[in-house]
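**Student:** There's a structure below that I have some questions on.
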Amino acid sequence: MGIKIIGSGHCVPATKLSNRHLESIVDTTDEWIFTRTGISSRYLVTTEDTNDLAYGAARCAIESAAIDPTEIGLIIVATFTPEQLTPSTACLVQARLGLNQQPVIAFDMNAACTGFVYALVTAEQFLKSSKIKKALVIGAEVLSKIMDWNDRSTCVLFGDGAGAVVIEWDEVDSPSFYLNCEGDGDVLGTSKLPVNNPLHQTGTSPISFHMNGASVFKFAVTAIKETVTTLLMENNLTLEEIDLIIPHQANKRIIDKVVKDLNASPEQFFLNVSEYGNTSAASIPIALNEAIKKQRIKAGNRVMLVGFGGGLTWGGCIVSI
Ligand code: COA
């Protein structure tokens, strides 16, 4: 890609909920969740909301990039669980960073769990074709507010959180991304927003998330393999020439299957779903930040990010660190 990641950070709610704790809330067991998904815990908001997590991650990323926030000309937040429909989370983060007095482009994007990859690729196009030198790309979700807490096959999988990166244009590298989608609201999605106008009423049920677990599992494995092989082929690279693959963190068994099918080494795929659960658009930047902090990625490394999720959407990109 023509961008370089110069800073990263993440922010999660103060409250961590273990599988054992969840047993007292939902009809489930630690054993069921862990053996089927590799998830041990997740963070859930109490007083925080999407905008707080996005801002927290942004502050950490800016600090790690060691730049002045005023150098940022673009803010994109990938989310499908914003605090409010407008202003966008990106505009709220701009204000909290004290950037209201300078020209900034700021908007939210919704590509569900592929959102961060879509946002990063979009930011790259701005850096390539405008005078903007640095961008802040954030993935932030409070999924706990759209979960149906009576649907045990879904609510145990997800968590809240945010991750962010600061990027700048990197002339050296070549553009390399692959994005795709296939519109389908049945396999994975939310209920519809109610319409309640004087002429038509569709009710007041809260928004809730639904998914067909088995179909999503199959889709995810195919989507990751398609993305990895396409990116390698289009860039004349082999799997061994990628230092680390950071997939969307949904389920360890999905990654195990991909590793087996691609005849890859498990160490090539970074996983932290055990601690965070599936945080949708936040999962890749949270994992990326952890991989950097744990020195699984070092300066000069070539990293592949791979997302998949609602839409259906999927895709990935190769970035330099
Ligand atoms: N605790 C205990 N039991 C549960 C449960 C829970 N939280 N959720 C479901 N069950 C039960 C079901 O009622 C069902 O019981 P039954 O067989 O008596 O009807 C049984 O467990 C289903 O188990 P199984 O068929 O072994 O589940 P699975 O191996 O298909 O795993 C998922 C289910 C959801 C974990 C799996 O399909 C999955 O991970 N899919 C992908 C989901 C995903 O990643 N979505 C986000 C993508 S961005």
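Every chain in the structure tokens takes a letter, A first, then B, and so on in the order presented; its residues are numbered from 1, and the ligands are numbered from 1 following the presented order.
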Going by DSSP on the backbone, which bits of segment 182-302 of chain A are alpha helix (DSSP H)? Write them as an MDAnalysis selection string, please.
**Tutor:** chainID A and resid 213:234 252:261 273:276 283:293
**Student:** Neighbours of Ala162 of chain A within 12 Å (only C-alpha atoms; same-chain residues fewer than 3 positions away dropped), as number ranges by chain?
**Tutor:** A: 8-13, 43-45, 48-61, 77-79, 81-82, 89, 116, 137-143, 159, 165, 276, 278-289
**Student:** Excluding same-chain residues fewer than 4 positions from Leu244 of chain A, what lies within 7 Å of it counting only C-alpha atoms, as a list in words?
**Tutor:**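 With the cut-off at 7 Å, the set is Gln268, Phe269, Phe270, Val303 and Met304 of chain A.
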**Student:** So which residues touch segment 174-185 of chain A within 8 Å, counting only C-alpha atoms, skipping near sequence neighbours fewer than 5 positions away, as number ranges by chain?
**Tutor:** A: 1-2, 118, 121, 227, 230-231, 234-235, 310-318
**Student:** Restricting it to N, CA, C and O atoms, dump the selection as a compact mmCIF listing (two decimals), in the first residue's frame.
**Tutor:**
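Output file out00.txt follows:
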```
# COMPACT_ATOMS: atom_id res chain seq x y z
N MET A 1 0.85 -1.21 0.00
CA MET A 1 0.00 0.00 0.00
C MET A 1 0.87 1.23 0.00
O MET A 1 2.00 1.20 0.47
N GLY A 2 0.35 2.34 -0.46
CA GLY A 2 1.13 3.58 -0.46
C GLY A 2 1.07 4.32 0.85
O GLY A 2 1.22 5.54 0.89
N TYR A 118 -11.74 -1.16 4.92
CA TYR A 118 -12.37 -0.23 3.97
C TYR A 118 -11.92 1.22 4.28
O TYR A 118 -11.63 2.00 3.38
N VAL A 121 -8.18 1.85 3.33
CA VAL A 121 -8.02 1.97 1.88
C VAL A 121 -8.58 3.31 1.40
O VAL A 121 -7.99 3.98 0.54
N THR A 227 -9.07 -13.50 -0.02
CA THR A 227 -8.33 -12.24 0.17
C THR A 227 -6.82 -12.49 0.21
O THR A 227 -6.05 -11.80 -0.47
N THR A 230 -5.50 -13.67 -3.26
CA THR A 230 -5.56 -12.60 -4.26
C THR A 230 -4.45 -11.57 -4.00
O THR A 230 -3.75 -11.16 -4.94
N LEU A 231 -4.30 -11.17 -2.74
CA LEU A 231 -3.27 -10.16 -2.42
C LEU A 231 -1.87 -10.70 -2.72
O LEU A 231 -1.02 -9.97 -3.23
N GLU A 234 -1.53 -10.85 -6.69
CA GLU A 234 -1.44 -9.54 -7.34
C GLU A 234 -0.15 -8.80 -7.01
O GLU A 234 0.23 -7.87 -7.70
N ASN A 235 0.50 -9.20 -5.91
CA ASN A 235 1.73 -8.52 -5.51
C ASN A 235 2.97 -9.40 -5.69
O ASN A 235 4.05 -9.04 -5.21
N GLY A 310 -20.39 -8.32 8.01
CA GLY A 310 -21.73 -7.95 7.52
C GLY A 310 -21.66 -7.17 6.22
O GLY A 310 -20.75 -6.41 5.95
N GLY A 311 -22.69 -7.38 5.43
CA GLY A 311 -22.74 -6.69 4.13
C GLY A 311 -23.35 -7.58 3.05
O GLY A 311 -24.34 -7.24 2.48
N LEU A 312 -22.73 -8.71 2.78
CA LEU A 312 -21.45 -9.21 3.29
C LEU A 312 -20.30 -8.43 2.67
O LEU A 312 -20.35 -8.11 1.48
N THR A 313 -19.28 -8.15 3.45
CA THR A 313 -18.11 -7.44 2.94
C THR A 313 -16.86 -8.24 3.32
O THR A 313 -16.86 -8.95 4.31
N TRP A 314 -15.82 -8.10 2.53
CA TRP A 314 -14.54 -8.70 2.90
C TRP A 314 -13.41 -8.04 2.10
O TRP A 314 -13.66 -7.33 1.13
N GLY A 315 -12.21 -8.27 2.55
CA GLY A 315 -11.07 -7.70 1.83
C GLY A 315 -9.88 -7.51 2.74
O GLY A 315 -9.93 -7.81 3.94
N GLY A 316 -8.81 -7.02 2.14
CA GLY A 316 -7.59 -6.85 2.92
C GLY A 316 -6.63 -5.90 2.26
O GLY A 316 -6.89 -5.38 1.16
N CYS A 317 -5.52 -5.66 2.92
CA CYS A 317 -4.48 -4.80 2.35
C CYS A 317 -3.13 -5.17 2.97
O CYS A 317 -3.08 -5.78 4.03
N ILE A 318 -2.08 -4.79 2.24
CA ILE A 318 -0.72 -5.01 2.75
C ILE A 318 -0.17 -3.64 3.15
O ILE A 318 -0.22 -2.70 2.35
```
**Student:** In terms of the shortest atom-to-atom distance over only C-alpha atoms and all ligand atoms, which of A:Val273, A:Ala299, A:Leu120, A:Val319 is closest to ligand 1?
**Tutor:**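 Going through A:Val273, A:Ala299, A:Leu120, A:Val319 one by one, the smallest distance to ligand 1 is for A:Val273.
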**Student:** Which residue gives the smallest distance to Gln125 of chain A among A:Leu74, A:Phe80, A:Leu85, A:Gly98, with only C-alpha atoms counted?
**Tutor:** A:Leu74
**Student:** Hey, what does DSSP flag as strand (DSSP E) within segment 63-174 of chain A? Can you give it to me as a list in words?
**Tutor:**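 Those in segment 63-174 of chain A that DSSP calls strand (DSSP E) are Ile72, Gly73, Leu74, Ile75, Ile76, Val77, Ala78, Ile105, Ala106, Phe107, Asp108, Met109, Lys134, Ala135, Leu136, Val137, Ile138, Gly139, Ala140, Glu141, Gly161, Ala162, Gly163, Ala164, Val165, Val166, Ile167, Glu168 and Trp169 of chain A.
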**Student:** Can you tell me which residues sit at most 9 Å away from ligand 1, counting only C-alpha atoms and all ligand atoms, written as an NGL selection string?
**Tutor:** :A and (23 or 26-33 or 35-37 or 112-114 or 151-158 or 188 or 211-220 or 248-254 or 278-280 or 307-310)
**Student:** Would you mind telling me which residue in A:His200, A:Cys91, A:Glu267, A:Ser18 lies nearest to Ala291 of chain A when using only C-alpha atoms?
**Tutor:**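 Counting only C-alpha atoms, the residue closest to Ala291 of chain A is A:Glu267.
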**Student:** Please, what distance in Å, to one decimal, runs between atom CA of Glu83 of chain A and atom CA of Ser205 of chain A?
**Tutor:**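 We find that atom CA of Glu83 of chain A and atom CA of Ser205 of chain A lie 17.9 Å from each other.
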**Student:** Counting only C-alpha atoms, which residue out of A:Ala95, A:Leu232, A:Ile146, A:Val195 sits closest to Ile207 of chain A?
**Tutor:**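 When distances to Ile207 of chain A are compared using only C-alpha atoms, the smallest one comes from A:Ile146.
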